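Quick look at target39.cif (mmCIF, C-alpha atoms and all ligand atoms):
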data_query
#
loop_
_atom_site.label_atom_id
_atom_site.label_comp_id
_atom_site.auth_asym_id
_atom_site.auth_seq_id
_atom_site.Cartn_x
_atom_site.Cartn_y
_atom_site.Cartn_z
CA GLU A 1 -16.52 -8.17 -14.03
CA THR A 2 -16.49 -4.77 -12.40
CA LYS A 3 -12.74 -4.60 -12.01
CA LYS A 4 -11.52 -5.06 -15.53
CA GLY A 5 -11.74 -2.71 -18.44
CA SER A 6 -14.08 0.11 -17.64
CA GLN A 7 -12.66 0.72 -14.19
CA ALA A 8 -9.11 1.02 -15.41
CA VAL A 9 -7.18 3.99 -14.06
CA SER A 10 -3.81 4.88 -15.43
CA TRP A 11 -0.69 5.03 -13.36
CA SER A 12 1.19 7.60 -15.33
CA PRO A 13 0.56 11.10 -14.06
CA TYR A 14 1.11 12.57 -17.47
CA ASP A 15 -0.74 10.44 -19.92
CA ALA A 16 -3.54 9.46 -17.61
CA PRO A 17 -6.79 9.67 -19.51
CA SER A 18 -9.64 10.66 -17.26
CA ILE A 19 -11.69 7.57 -16.54
CA PHE A 20 -14.77 9.66 -17.03
CA ALA A 21 -14.75 11.91 -20.03
CA ASP A 22 -17.20 14.21 -18.31
CA PRO A 23 -16.92 14.20 -14.55
CA SER A 24 -20.34 15.53 -13.73
CA PRO A 25 -21.85 16.44 -10.39
CA SER A 26 -23.75 13.17 -10.50
CA TRP A 27 -20.71 11.18 -9.45
CA PRO A 28 -21.94 10.31 -5.98
CA MET A 29 -24.78 8.45 -7.67
CA PHE A 30 -22.31 6.61 -9.80
CA LEU A 31 -20.44 5.58 -6.68
CA SER A 32 -23.50 4.32 -4.91
CA THR A 33 -24.45 2.27 -7.95
CA LYS A 34 -20.99 0.73 -7.90
CA LEU A 35 -21.28 0.00 -4.22
CA GLU A 36 -24.58 -1.75 -4.66
CA LYS A 37 -23.16 -3.76 -7.49
CA LYS A 38 -20.24 -4.79 -5.36
CA VAL A 39 -22.47 -5.83 -2.50
CA GLU A 40 -24.52 -8.03 -4.81
CA GLU A 41 -21.44 -9.86 -6.00
CA PRO A 42 -21.07 -13.23 -4.37
CA ASP A 43 -17.96 -13.31 -2.28
CA ASN A 44 -15.91 -16.20 -1.11
CA LEU A 45 -15.62 -15.24 2.48
CA GLY A 46 -17.67 -18.29 3.39
CA SER A 47 -14.77 -20.60 3.85
CA LEU A 48 -12.50 -18.07 5.47
CA ARG A 49 -12.67 -18.48 9.18
CA TYR A 50 -11.16 -17.37 12.38
CA ASP A 51 -8.04 -19.40 13.23
CA TYR A 52 -8.24 -21.52 10.09
CA TYR A 53 -4.88 -23.12 10.90
CA ASN A 54 -5.98 -24.06 14.38
CA GLU A 55 -5.50 -27.77 13.67
CA SER A 56 -3.21 -27.86 10.66
CA CYS A 57 -0.66 -25.35 11.97
CA PRO A 58 -1.67 -23.91 15.32
CA GLN A 59 1.51 -21.90 15.68
CA ALA A 60 1.18 -20.21 12.27
CA GLU A 61 0.09 -16.77 13.40
CA GLN A 62 2.64 -16.77 16.22
CA ILE A 63 5.43 -17.66 13.80
CA ILE A 64 4.42 -14.81 11.53
CA ARG A 65 4.25 -12.42 14.47
CA THR A 66 7.66 -13.26 15.88
CA THR A 67 9.35 -13.35 12.50
CA VAL A 68 8.02 -9.92 11.58
CA GLN A 69 9.06 -8.62 14.99
CA GLU A 70 12.57 -9.96 14.56
CA LEU A 71 12.92 -8.53 11.09
CA TYR A 72 11.61 -5.22 12.40
CA LYS A 73 14.27 -5.16 15.12
CA LEU A 74 16.92 -5.43 12.45
CA ARG A 75 15.31 -2.89 10.23
CA PRO A 76 12.25 -0.90 11.25
CA ASN A 77 11.24 -0.05 7.71
CA VAL A 78 10.10 -3.62 7.11
CA SER A 79 6.77 -2.68 8.63
CA ALA A 80 6.05 -0.02 6.01
CA ALA A 81 7.15 -2.36 3.23
CA LEU A 82 4.80 -5.12 4.38
CA LEU A 83 1.92 -2.72 4.87
CA ARG A 84 2.24 -1.37 1.37
CA LEU A 85 2.51 -4.90 0.03
CA VAL A 86 -0.93 -5.92 1.28
CA PHE A 87 -2.49 -2.96 -0.49
CA HIS A 88 -0.77 -3.78 -3.77
CA ASP A 89 -1.76 -7.42 -3.49
CA CYS A 90 -5.38 -6.99 -2.44
CA PHE A 91 -6.17 -4.16 -4.83
CA VAL A 92 -5.25 -6.23 -7.87
CA GLU A 93 -7.65 -9.13 -8.30
CA GLY A 94 -7.92 -9.61 -4.56
CA CYS A 95 -5.77 -10.89 -1.71
CA ASP A 96 -4.32 -13.89 -3.49
CA ALA A 97 -0.56 -13.32 -3.27
CA SER A 98 -0.48 -12.73 -7.03
CA VAL A 99 1.89 -9.81 -6.42
CA LEU A 100 4.53 -12.21 -5.10
CA LEU A 101 4.91 -14.27 -8.27
CA ASP A 102 8.08 -13.90 -10.28
CA ALA A 103 8.01 -13.53 -14.04
CA VAL A 104 8.17 -16.86 -15.85
CA ASN A 105 9.08 -17.69 -19.42
CA GLY A 106 9.30 -14.03 -20.30
CA ILE A 107 5.76 -13.33 -19.12
CA ASP A 108 5.75 -10.27 -16.89
CA SER A 109 4.59 -10.52 -13.34
CA GLU A 110 2.83 -7.87 -11.28
CA LYS A 111 6.22 -7.02 -9.84
CA ASP A 112 7.25 -5.74 -13.25
CA SER A 113 4.36 -3.32 -13.62
CA PRO A 114 5.29 0.34 -13.09
CA PRO A 115 3.25 0.98 -9.92
CA ASN A 116 5.05 -1.93 -8.26
CA GLU A 117 8.51 -0.79 -9.26
CA SER A 118 9.42 0.42 -5.78
CA LEU A 119 7.51 -2.26 -3.92
CA LYS A 120 9.57 -4.03 -1.28
CA GLY A 121 9.23 -6.87 1.15
CA PHE A 122 9.21 -9.91 -1.15
CA ASP A 123 12.29 -11.25 0.58
CA LEU A 124 10.64 -10.72 3.95
CA ILE A 125 7.70 -12.85 2.86
CA ASP A 126 10.20 -15.51 1.72
CA ILE A 127 11.76 -15.55 5.17
CA ILE A 128 8.39 -15.91 6.88
CA LYS A 129 7.36 -18.61 4.44
CA LEU A 130 10.56 -20.56 5.12
CA GLU A 131 9.82 -20.52 8.83
CA LEU A 132 6.28 -21.74 8.22
CA GLU A 133 7.36 -24.44 5.80
CA GLU A 134 9.72 -25.74 8.42
CA ALA A 135 6.97 -25.93 11.02
CA CYS A 136 4.06 -27.08 8.83
CA PRO A 137 5.03 -27.92 5.25
CA GLY A 138 2.60 -26.95 2.52
CA VAL A 139 -0.09 -25.63 4.83
CA VAL A 140 -0.06 -21.85 5.19
CA SER A 141 -0.85 -19.88 2.06
CA CYS A 142 1.22 -16.93 0.89
CA ALA A 143 -1.97 -14.88 0.68
CA ASP A 144 -2.59 -15.39 4.39
CA ILE A 145 1.04 -14.55 5.12
CA VAL A 146 0.70 -11.23 3.30
CA VAL A 147 -2.36 -10.11 5.27
CA LEU A 148 -1.10 -11.39 8.62
CA ALA A 149 2.37 -9.90 8.17
CA ALA A 150 0.76 -6.55 7.31
CA ARG A 151 -1.36 -6.75 10.45
CA GLU A 152 1.75 -7.30 12.60
CA SER A 153 3.44 -4.44 10.76
CA VAL A 154 0.61 -2.07 11.56
CA VAL A 155 0.97 -2.91 15.24
CA LEU A 156 4.73 -2.38 15.11
CA ALA A 157 4.25 0.97 13.39
CA GLY A 158 2.06 2.08 16.29
CA GLY A 159 -1.28 1.30 14.68
CA PRO A 160 -4.17 -0.83 15.91
CA PHE A 161 -4.41 -4.61 16.10
CA TYR A 162 -7.31 -6.13 14.15
CA PRO A 163 -8.57 -9.71 13.97
CA LEU A 164 -8.33 -11.50 10.65
CA HIS A 165 -9.96 -14.57 9.27
CA THR A 166 -7.67 -17.00 7.44
CA GLY A 167 -7.94 -19.67 4.78
CA ARG A 168 -7.05 -17.62 1.72
CA ARG A 169 -5.52 -19.56 -1.17
CA ASP A 170 -2.86 -18.46 -3.61
CA SER A 171 -3.50 -17.56 -7.21
CA THR A 172 -1.93 -19.43 -10.05
CA VAL A 173 -1.59 -16.32 -12.19
CA SER A 174 -0.08 -12.88 -11.94
CA PHE A 175 -1.96 -9.88 -13.29
CA SER A 176 0.71 -7.50 -14.50
CA GLU A 177 -1.52 -5.49 -16.83
CA VAL A 178 -4.29 -5.16 -14.31
CA ALA A 179 -1.74 -3.92 -11.79
CA ALA A 180 -0.47 -1.36 -14.26
CA TYR A 181 -3.94 0.03 -14.89
CA GLU A 182 -5.73 -0.43 -11.63
CA LEU A 183 -3.31 0.56 -8.93
CA PRO A 184 -3.97 4.19 -8.13
CA SER A 185 -1.43 6.82 -9.06
CA PRO A 186 0.07 9.31 -6.61
CA GLN A 187 -0.99 12.02 -9.05
CA ASP A 188 -4.66 11.06 -8.99
CA ASP A 189 -7.18 13.65 -7.96
CA LEU A 190 -9.80 12.98 -5.34
CA TYR A 191 -12.38 12.04 -7.91
CA LYS A 192 -10.26 9.24 -9.31
CA THR A 193 -9.19 8.01 -5.90
CA ILE A 194 -12.76 7.82 -4.67
CA ALA A 195 -13.82 5.98 -7.82
CA SER A 196 -10.96 3.54 -7.57
CA PHE A 197 -11.67 2.65 -3.94
CA ALA A 198 -15.43 2.63 -4.50
CA SER A 199 -15.02 0.00 -7.20
CA ARG A 200 -13.64 -2.24 -4.47
CA GLY A 201 -16.48 -1.41 -2.10
CA PHE A 202 -14.84 1.30 0.02
CA ASN A 203 -16.77 4.45 0.80
CA GLY A 204 -15.20 7.88 1.30
CA ARG A 205 -14.73 7.41 5.01
CA GLU A 206 -12.95 4.08 4.55
CA THR A 207 -10.80 5.51 1.81
CA VAL A 208 -9.67 8.39 4.00
CA ALA A 209 -8.95 5.93 6.82
CA LEU A 210 -6.94 3.58 4.59
CA LEU A 211 -4.74 6.36 3.30
CA GLY A 212 -3.76 6.88 6.94
CA ALA A 213 -1.31 4.06 6.15
CA HIS A 214 0.78 6.90 4.77
CA SER A 215 1.67 7.66 8.38
CA THR A 216 4.62 5.35 8.08
CA GLY A 217 7.41 4.62 5.66
CA MET A 218 8.92 6.88 3.12
CA ILE A 219 8.14 8.42 -0.24
CA HIS A 220 10.78 8.92 -2.88
CA CYS A 221 11.18 12.35 -4.43
CA LYS A 222 10.10 11.25 -7.87
CA PHE A 223 6.54 10.75 -6.65
CA PHE A 224 6.05 14.38 -5.64
CA LEU A 225 8.79 16.27 -7.46
CA ASN A 226 6.35 17.87 -9.88
CA ARG A 227 4.55 19.46 -6.92
CA LEU A 228 7.76 21.16 -5.86
CA TYR A 229 8.95 22.61 -9.13
CA ASN A 230 6.54 22.23 -11.97
CA PHE A 231 3.01 21.57 -10.92
CA ALA A 232 0.70 20.74 -13.82
CA GLY A 233 3.16 22.25 -16.28
CA THR A 234 3.09 25.69 -14.63
CA ASP A 235 6.80 25.82 -13.74
CA GLU A 236 5.58 26.75 -10.28
CA PRO A 237 5.03 24.66 -7.16
CA ASP A 238 1.63 23.32 -6.19
CA PRO A 239 -0.17 26.35 -4.74
CA SER A 240 -2.00 24.18 -2.22
CA MET A 241 1.30 23.42 -0.45
CA ASP A 242 2.30 25.09 2.76
CA THR A 243 5.34 27.23 1.90
CA GLU A 244 7.51 26.12 4.81
CA PHE A 245 6.81 22.52 3.97
CA LEU A 246 7.58 23.22 0.34
CA ALA A 247 10.99 24.52 1.39
CA LEU A 248 11.58 21.44 3.51
CA LEU A 249 10.68 19.09 0.67
CA ARG A 250 12.77 21.08 -1.78
CA SER A 251 15.74 20.75 0.55
CA ARG A 252 15.30 16.98 0.36
CA CYS A 253 14.59 16.76 -3.32
CA ASN A 254 16.29 19.08 -5.72
CA ASN A 255 15.25 19.42 -9.27
CA SER A 256 17.93 17.04 -10.47
CA HIS A 257 15.96 14.22 -8.89
CA ALA A 258 13.57 14.59 -11.74
CA SER A 259 15.30 11.80 -13.58
CA SER A 260 15.80 9.37 -10.71
CA SER A 261 19.49 10.16 -10.97
CA PRO A 262 21.62 7.30 -9.75
CA SER A 263 24.27 9.76 -8.57
CA SER A 264 22.12 11.03 -5.76
CA SER A 265 22.88 9.35 -2.51
CA PRO A 266 20.25 8.37 0.02
CA SER A 267 19.89 10.99 2.73
CA SER A 268 20.78 9.71 6.13
CA SER A 269 17.51 10.75 7.68
CA SER A 270 15.27 9.22 5.08
CA SER A 271 17.24 6.06 4.46
CA PRO A 272 19.03 4.96 7.57
CA SER A 273 21.96 2.77 6.67
CA LEU A 274 21.57 -0.92 7.03
CA SER A 275 23.21 -2.26 10.12
CA PRO A 276 25.45 -5.23 9.36
CA SER A 277 23.28 -7.38 7.18
CA PRO A 278 21.78 -10.06 9.41
CA SER A 279 21.34 -12.31 6.49
CA SER A 280 21.93 -12.15 2.82
CA VAL A 281 18.30 -13.04 2.22
CA ILE A 282 17.22 -9.50 3.04
CA ASP A 283 18.07 -8.63 -0.51
CA SER A 284 15.66 -5.80 -1.13
CA PHE A 285 17.44 -3.77 1.50
CA SER A 286 20.98 -4.44 0.43
CA PRO A 287 22.87 -1.45 -0.90
CA SER A 288 22.79 -2.74 -4.45
CA SER A 289 19.03 -2.67 -4.62
CA LEU A 290 18.37 0.21 -2.24
CA PRO A 291 16.52 2.89 -4.17
CA LEU A 292 19.04 5.54 -4.96
CA GLU A 293 16.79 8.55 -4.90
CA THR A 294 16.17 10.40 -1.71
CA GLY A 295 12.76 10.94 -0.31
CA MET A 296 10.69 12.09 2.60
CA LYS A 297 9.77 10.10 5.65
CA MET A 298 6.06 10.09 6.34
CA ASP A 299 6.62 10.36 10.10
CA TYR A 300 8.96 13.28 9.54
CA GLU A 301 8.45 14.68 13.02
CA GLY A 302 9.99 11.57 14.53
CA PRO A 303 9.30 7.88 14.51
CA GLY A 304 6.37 6.53 16.48
CA LEU A 305 4.72 9.92 16.88
CA GLY A 306 1.19 8.67 16.68
CA PHE A 307 0.13 6.50 13.79
CA GLY A 308 -2.49 8.59 12.03
CA THR A 309 -2.60 11.90 13.80
CA LEU A 310 0.36 13.59 12.14
CA TYR A 311 -0.80 12.48 8.71
CA TYR A 312 -4.24 14.04 9.01
CA GLN A 313 -3.03 17.14 10.84
CA SER A 314 -0.45 17.65 8.12
CA LEU A 315 -3.11 17.44 5.43
CA LEU A 316 -5.09 20.18 7.17
CA GLN A 317 -1.97 22.36 7.06
CA GLY A 318 -1.27 21.79 3.36
CA ARG A 319 1.56 19.45 4.28
CA GLY A 320 0.53 16.35 2.41
CA ILE A 321 3.49 14.81 0.62
CA LEU A 322 1.72 13.19 -2.31
CA TYR A 323 -0.83 15.02 -4.40
CA VAL A 324 -3.21 12.10 -3.85
CA ASP A 325 -2.92 12.57 -0.07
CA GLN A 326 -3.46 16.32 -0.17
CA GLN A 327 -6.48 15.84 -2.39
CA LEU A 328 -8.34 14.30 0.56
CA THR A 329 -8.93 17.86 1.73
CA ALA A 330 -10.33 18.89 -1.65
CA GLY A 331 -13.82 17.50 -1.14
CA GLU A 332 -16.21 18.29 1.66
CA GLU A 333 -16.96 14.75 2.77
CA THR A 334 -13.39 13.53 2.75
CA GLU A 335 -12.13 16.71 4.37
CA ASN A 336 -14.59 16.17 7.19
CA TRP A 337 -13.10 12.75 7.79
CA VAL A 338 -9.60 14.18 7.67
CA ARG A 339 -10.66 16.64 10.38
CA ALA A 340 -12.33 13.95 12.42
CA TYR A 341 -9.26 11.71 12.34
CA ALA A 342 -6.87 14.60 13.00
CA SER A 343 -8.63 15.35 16.24
CA ASP A 344 -9.77 11.91 17.37
CA VAL A 345 -7.09 9.29 17.20
CA SER A 346 -9.25 6.52 18.64
CA LEU A 347 -11.84 7.08 15.94
CA PHE A 348 -9.07 6.80 13.36
CA ARG A 349 -7.66 3.63 14.92
CA ARG A 350 -11.08 1.99 14.90
CA ASP A 351 -11.85 3.00 11.35
CA PHE A 352 -8.39 2.06 10.12
CA ALA A 353 -8.66 -1.37 11.72
CA LEU A 354 -12.04 -1.99 10.10
CA ALA A 355 -10.85 -0.76 6.73
CA MET A 356 -7.77 -2.99 6.91
CA MET A 357 -9.97 -5.98 7.70
CA LYS A 358 -12.05 -5.18 4.66
CA LEU A 359 -8.97 -4.69 2.49
CA SER A 360 -7.60 -8.04 3.69
CA ASN A 361 -10.78 -9.81 2.58
CA LEU A 362 -11.05 -8.39 -0.92
CA GLN A 363 -11.92 -11.06 -3.49
CA VAL A 364 -10.18 -13.86 -1.67
CA LEU A 365 -9.69 -17.28 -3.21
CA THR A 366 -10.81 -20.13 -1.02
CA GLU A 367 -10.90 -23.89 -1.40
CA PRO A 368 -11.24 -25.55 -3.83
CA ARG A 369 -9.91 -22.62 -5.87
CA GLY A 370 -6.27 -21.61 -5.90
CA GLN A 371 -3.46 -23.46 -4.22
CA VAL A 372 -1.02 -23.23 -1.34
CA ARG A 373 2.31 -22.36 -2.89
CA LEU A 374 5.44 -23.87 -1.42
CA ASN A 375 7.57 -20.97 -2.56
CA CYS A 376 5.64 -17.71 -2.68
CA ARG A 377 7.37 -16.67 -5.89
CA LEU A 378 6.35 -19.74 -7.88
CA VAL A 379 3.16 -21.48 -8.86
CA ILE A 380 3.31 -25.16 -7.93
C1 LIG B 401 -4.63 6.25 -3.74
C2 LIG B 401 -4.01 5.28 -3.14
C3 LIG B 401 -2.53 5.21 -2.94
C4 LIG B 401 -1.51 5.70 -3.71
C5 LIG B 401 -1.60 6.46 -5.00
C6 LIG B 401 -0.28 5.34 -3.04
C7 LIG B 401 0.98 5.65 -3.51
C8 LIG B 401 2.15 5.47 -2.80
C9 LIG B 401 3.46 5.89 -3.23
C10 LIG B 401 3.77 6.59 -4.55
C11 LIG B 401 4.33 5.56 -2.27
C12 LIG B 401 5.85 5.83 -2.25
C13 LIG B 401 6.62 4.61 -2.68
C14 LIG B 401 8.10 4.87 -2.73
O1 LIG B 401 8.56 5.98 -2.57
O2 LIG B 401 8.84 3.89 -2.94
C15 LIG B 401 3.59 4.92 -1.23
C16 LIG B 401 4.13 4.43 -0.08
C17 LIG B 401 3.44 3.70 0.85
N1 LIG B 401 2.11 3.35 0.77
FE1 LIG B 401 0.77 4.06 -0.53
N2 LIG B 401 -0.56 4.66 -1.91
C18 LIG B 401 -1.93 4.56 -1.80
C19 LIG B 401 -2.64 3.91 -0.81
C20 LIG B 401 -2.06 3.14 0.17
C21 LIG B 401 -2.77 2.25 1.03
C22 LIG B 401 -4.28 2.00 0.99
C23 LIG B 401 -1.85 1.67 1.84
C24 LIG B 401 -2.03 0.61 2.89
C25 LIG B 401 -3.16 0.27 3.42
C26 LIG B 401 -0.57 2.24 1.50
C27 LIG B 401 0.61 1.99 2.15
C28 LIG B 401 1.81 2.60 1.87
C29 LIG B 401 2.98 2.49 2.72
C30 LIG B 401 3.06 1.80 4.06
C31 LIG B 401 4.01 3.16 2.06
C32 LIG B 401 5.47 3.30 2.51
C33 LIG B 401 6.26 2.16 1.94
C34 LIG B 401 7.71 2.09 2.41
O3 LIG B 401 8.22 3.02 3.01
O4 LIG B 401 8.33 1.05 2.15
N3 LIG B 401 -0.72 3.11 0.47
N4 LIG B 401 2.27 4.86 -1.58
#
Could you quickly redo this structure as structure tokens?
Amino acid sequence: ETKKGSQAVSWSPYDAPSIFADPSPSWPMFLSTKLEKKVEEPDNLGSLRYDYYNESCPQAEQIIRTTVQELYKLRPNVSAALLRLVFHDCFVEGCDASVLLDAVNGIDSEKDSPPNESLKGFDLIDIIKLELEEACPGVVSCADIVVLAARESVVLAGGPFYPLHTGRRDSTVSFSEVAAYELPSPQDDLYKTIASFASRGFNGRETVALLGAHSTGMIHCKFFLNRLYNFAGTDEPDPSMDTEFLALLRSRCNNSHASSSPSSSPSSSSSPSLSPSPSSVIDSFSPSSLPLETGMKMDYEGPGLGFGTLYYQSLLQGRGILYVDQQLTAGEETENWVRAYASDVSLFRRDFALAMMKLSNLQVLTEPRGQVRLNCRLVI
């Protein structure tokens, strides 16, 4: 078990113990050891295959595509929600839809763990699942829906298309503690981020490419407020931040956001108001559950302005929103990739597509393990 225990990283920016008491210059060796270990692990990709539903539900991928497109027309931020969801599912015990399970009998689900607090899109998956159940009852797994819906979301956000194998099965358990410890924190430094991704088999280049997902969507103030007002307990802003950008972020997030104050209203630019609700099922976007804090849009120069480029160019200018993002320029290797992607968008698109394919195949469950849930929130 490489993922449990020793690899745990803490979510909380403040009480996070370093995962290595003594980060020594030998860390690249540590990473390569981990990578080798990972490669030796048997995987279950064997029974995943291209167009798995070809006979059992030939229209499955098309249904997912059109449903995501329709939801996106109603509300463009569904694409960011679904993209984030695949990361939070696949990073915790693999792409097995465990993140979708609701708590049962007082046992917490992954949804309840702090890093998943602001996760959205569960209702969108429900809608897609309903469509699929109507067409082919009991056939398409929730785990496949998560990866395929994310793929469509990437395309809608202006990113690349990538082929995916299917045939994933759904877990029968939710891993709330693992999620709490193993999902990376926005306050992590480069060292921790690299270690966390390496333990899932991603090298530095793939890690930099994957974080390009932060080209879309929005980040709430609470995740970067400390950088604006009190960085590392200094009562000063993060010195690595571009000053103009600091002023912009401060104008969005004043110090009172520190305690996710419910009195703050969503800013119109970062949280466009919901057009007349198309359906009450889109519950995570209804005003009652809309996060009340303001935040910063990742594509702050305008929507659709190049998936990838702005993100990496911003990092080179000290305009990363999260500390974890800006840290990509803190190491030579990762900074080189940031530069490469900032100047060569086709290189980024290729690398991002490959990294997303790899993410979508992490520790999948295949027959005879797991199950195909009928309702993505509940084990059968
Ligand atoms: C070190 C790794 C990562 C950390 C610490 C991290 C952290 C965060 C945080 C704190 C937010 C803001 C959430 C909010 O304000 O509600 C966010 C948003 C987002 N993240 Fe990440 N993330 C990481 C990697 C990734 C990866 C690998 C992907 C996808 C492949 C991803 C996709 C997204 C997307 C699309 C959003 C916007 C969500 C939305 O607007 O609904 N992130 N991330």
Exercise answer, 7 Å around ligand LIG 401 (chain B) with all atoms listed in the file, as a PDB file with C-alpha atoms, in the coordinates of the input:
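Final file, result32.pdb:
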ATOM      1  CA  ASN A  77      11.240  -0.050   7.710  1.00  0.00           C
ATOM      2  CA  ALA A  80       6.050  -0.020   6.010  1.00  0.00           C
ATOM      3  CA  ALA A  81       7.150  -2.360   3.230  1.00  0.00           C
ATOM      4  CA  LEU A  83       1.920  -2.720   4.870  1.00  0.00           C
ATOM      5  CA  ARG A  84       2.240  -1.370   1.370  1.00  0.00           C
ATOM      6  CA  VAL A  86      -0.930  -5.920   1.280  1.00  0.00           C
ATOM      7  CA  PHE A  87      -2.490  -2.960  -0.490  1.00  0.00           C
ATOM      8  CA  SER A 118       9.420   0.420  -5.780  1.00  0.00           C
ATOM      9  CA  LEU A 119       7.510  -2.260  -3.920  1.00  0.00           C
ATOM     10  CA  LYS A 120       9.570  -4.030  -1.280  1.00  0.00           C
ATOM     11  CA  PRO A 184      -3.970   4.190  -8.130  1.00  0.00           C
ATOM     12  CA  SER A 185      -1.430   6.820  -9.060  1.00  0.00           C
ATOM     13  CA  PRO A 186       0.070   9.310  -6.610  1.00  0.00           C
ATOM     14  CA  GLN A 187      -0.990  12.020  -9.050  1.00  0.00           C
ATOM     15  CA  ASP A 188      -4.660  11.060  -8.990  1.00  0.00           C
ATOM     16  CA  THR A 193      -9.190   8.010  -5.900  1.00  0.00           C
ATOM     17  CA  LEU A 210      -6.940   3.580   4.590  1.00  0.00           C
ATOM     18  CA  LEU A 211      -4.740   6.360   3.300  1.00  0.00           C
ATOM     19  CA  ALA A 213      -1.310   4.060   6.150  1.00  0.00           C
ATOM     20  CA  HIS A 214       0.780   6.900   4.770  1.00  0.00           C
ATOM     21  CA  THR A 216       4.620   5.350   8.080  1.00  0.00           C
ATOM     22  CA  GLY A 217       7.410   4.620   5.660  1.00  0.00           C
ATOM     23  CA  MET A 218       8.920   6.880   3.120  1.00  0.00           C
ATOM     24  CA  ILE A 219       8.140   8.420  -0.240  1.00  0.00           C
ATOM     25  CA  HIS A 220      10.780   8.920  -2.880  1.00  0.00           C
ATOM     26  CA  PHE A 223       6.540  10.750  -6.650  1.00  0.00           C
ATOM     27  CA  GLY A 295      12.760  10.940  -0.310  1.00  0.00           C
ATOM     28  CA  VAL A 324      -3.210  12.100  -3.850  1.00  0.00           C
ATOM     29  CA  MET A 356      -7.770  -2.990   6.910  1.00  0.00           C
TER      30      MET A 356
END
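The nearest approach to Ser174 (chain A) among the residues A:Gly94, A:Pro303, A:Gly320, A:Pro368, with all atoms listed in the file taken into account, belongs to A:Gly94.
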(request) Could you please determine the separation between CA of Leu148 (chain A) and CA of Ile64 (chain A) in Å, to one decimal place? (result)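 Between CA of Leu148 (chain A) and CA of Ile64 (chain A) the gap is 7.1 Å.
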(message) With distances taken over only C-alpha atoms, which residue among A:Arg205, A:Arg252, A:Arg65, A:His165 lies nearest Thr334 (chain A)?
(response)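 Nearest to Thr334 (chain A): A:Arg205.
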(request) Point out the residue among A:Arg227, A:Arg75, A:Arg377, A:Arg151 with the least atom-to-atom distance to Phe352 (chain A), counting all atoms listed in the file. (result) A:Arg151
(message) Could you list, as a PyMOL selection string, every residue within 8 Å of Ile194 (chain A), counting only C-alpha atoms and ignoring same-chain residues fewer than 3 positions away?
(response) chain A and resi 190-191+197-198+203-204+207
(message) Counting only C-alpha atoms, which residue out of A:Gly159, A:Gly370, A:Pro114, A:Gly212 sits closest to Leu310 (chain A)?
(response)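 Distance minimum relative to Leu310 (chain A) lands on A:Gly212.
Residues surrounding Leu249 (chain A) within 10 Å are Cys221, Phe224, Leu225, Arg227, Leu228, Thr243, Glu244, Phe245, Leu246, Ala247, Ser251, Arg252, Cys253, Asn254, Gly295, Met296, Arg319 and Ile321 of chain A [only C-alpha atoms; sequence separation below 2 positions excluded].
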(request) Give me the residues within 7 Å of Cys90 (chain A) as a list in words, counting only C-alpha atoms and dropping any in the same chain fewer than 6 places off. (result)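 Using only C-alpha atoms, the neighbours found are Leu359, Ser360 and Leu362 of chain A.
Take the candidates A:Ala330, A:Val208, A:Val372, A:Leu347 and check each one against Val139 (chain A) using all atoms listed in the file; the shortest distance goes to A:Val372.
If only C-alpha atoms are the atoms counted, then among A:Thr234, A:Ser98, A:Ser56, A:Gln363 the closest residue to Leu378 (chain A) is A:Ser98.
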(request) Please indicate the distance in Å from CA of Leu100 (chain A) to CA of Arg350 (chain A), rounded to one decimal place. (result) 29.1 Å
(request) Kindly give the distance, in Å, that separates CA of Tyr323 (chain A) and CA of Ala149 (chain A), rounded to a single decimal. (result)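 Interatomic distance, CA of Tyr323 (chain A) to CA of Ala149 (chain A): 28.1 Å.
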(request) Around the point (-9.3, -24.7, 3.5) in the file's coordinates, collect all residues with an atom within 7 Å, using all atoms listed in the file, and return them as an MDAnalysis selection string. (result) chainID A and resid 47 167 366:367
Once 3 Å is added on each side, what are the centre and the three edge lengths, in Å to one decimal, of the axis-aligned box enclosing the listed atoms of region 51-63 of chain A? Present them as lines of an AutoDock Vina configuration file.
center_x = -1.4
center_y = -22.3
center_z = 13.2
size_x = 19.7
size_y = 17.1
size_z = 12.1
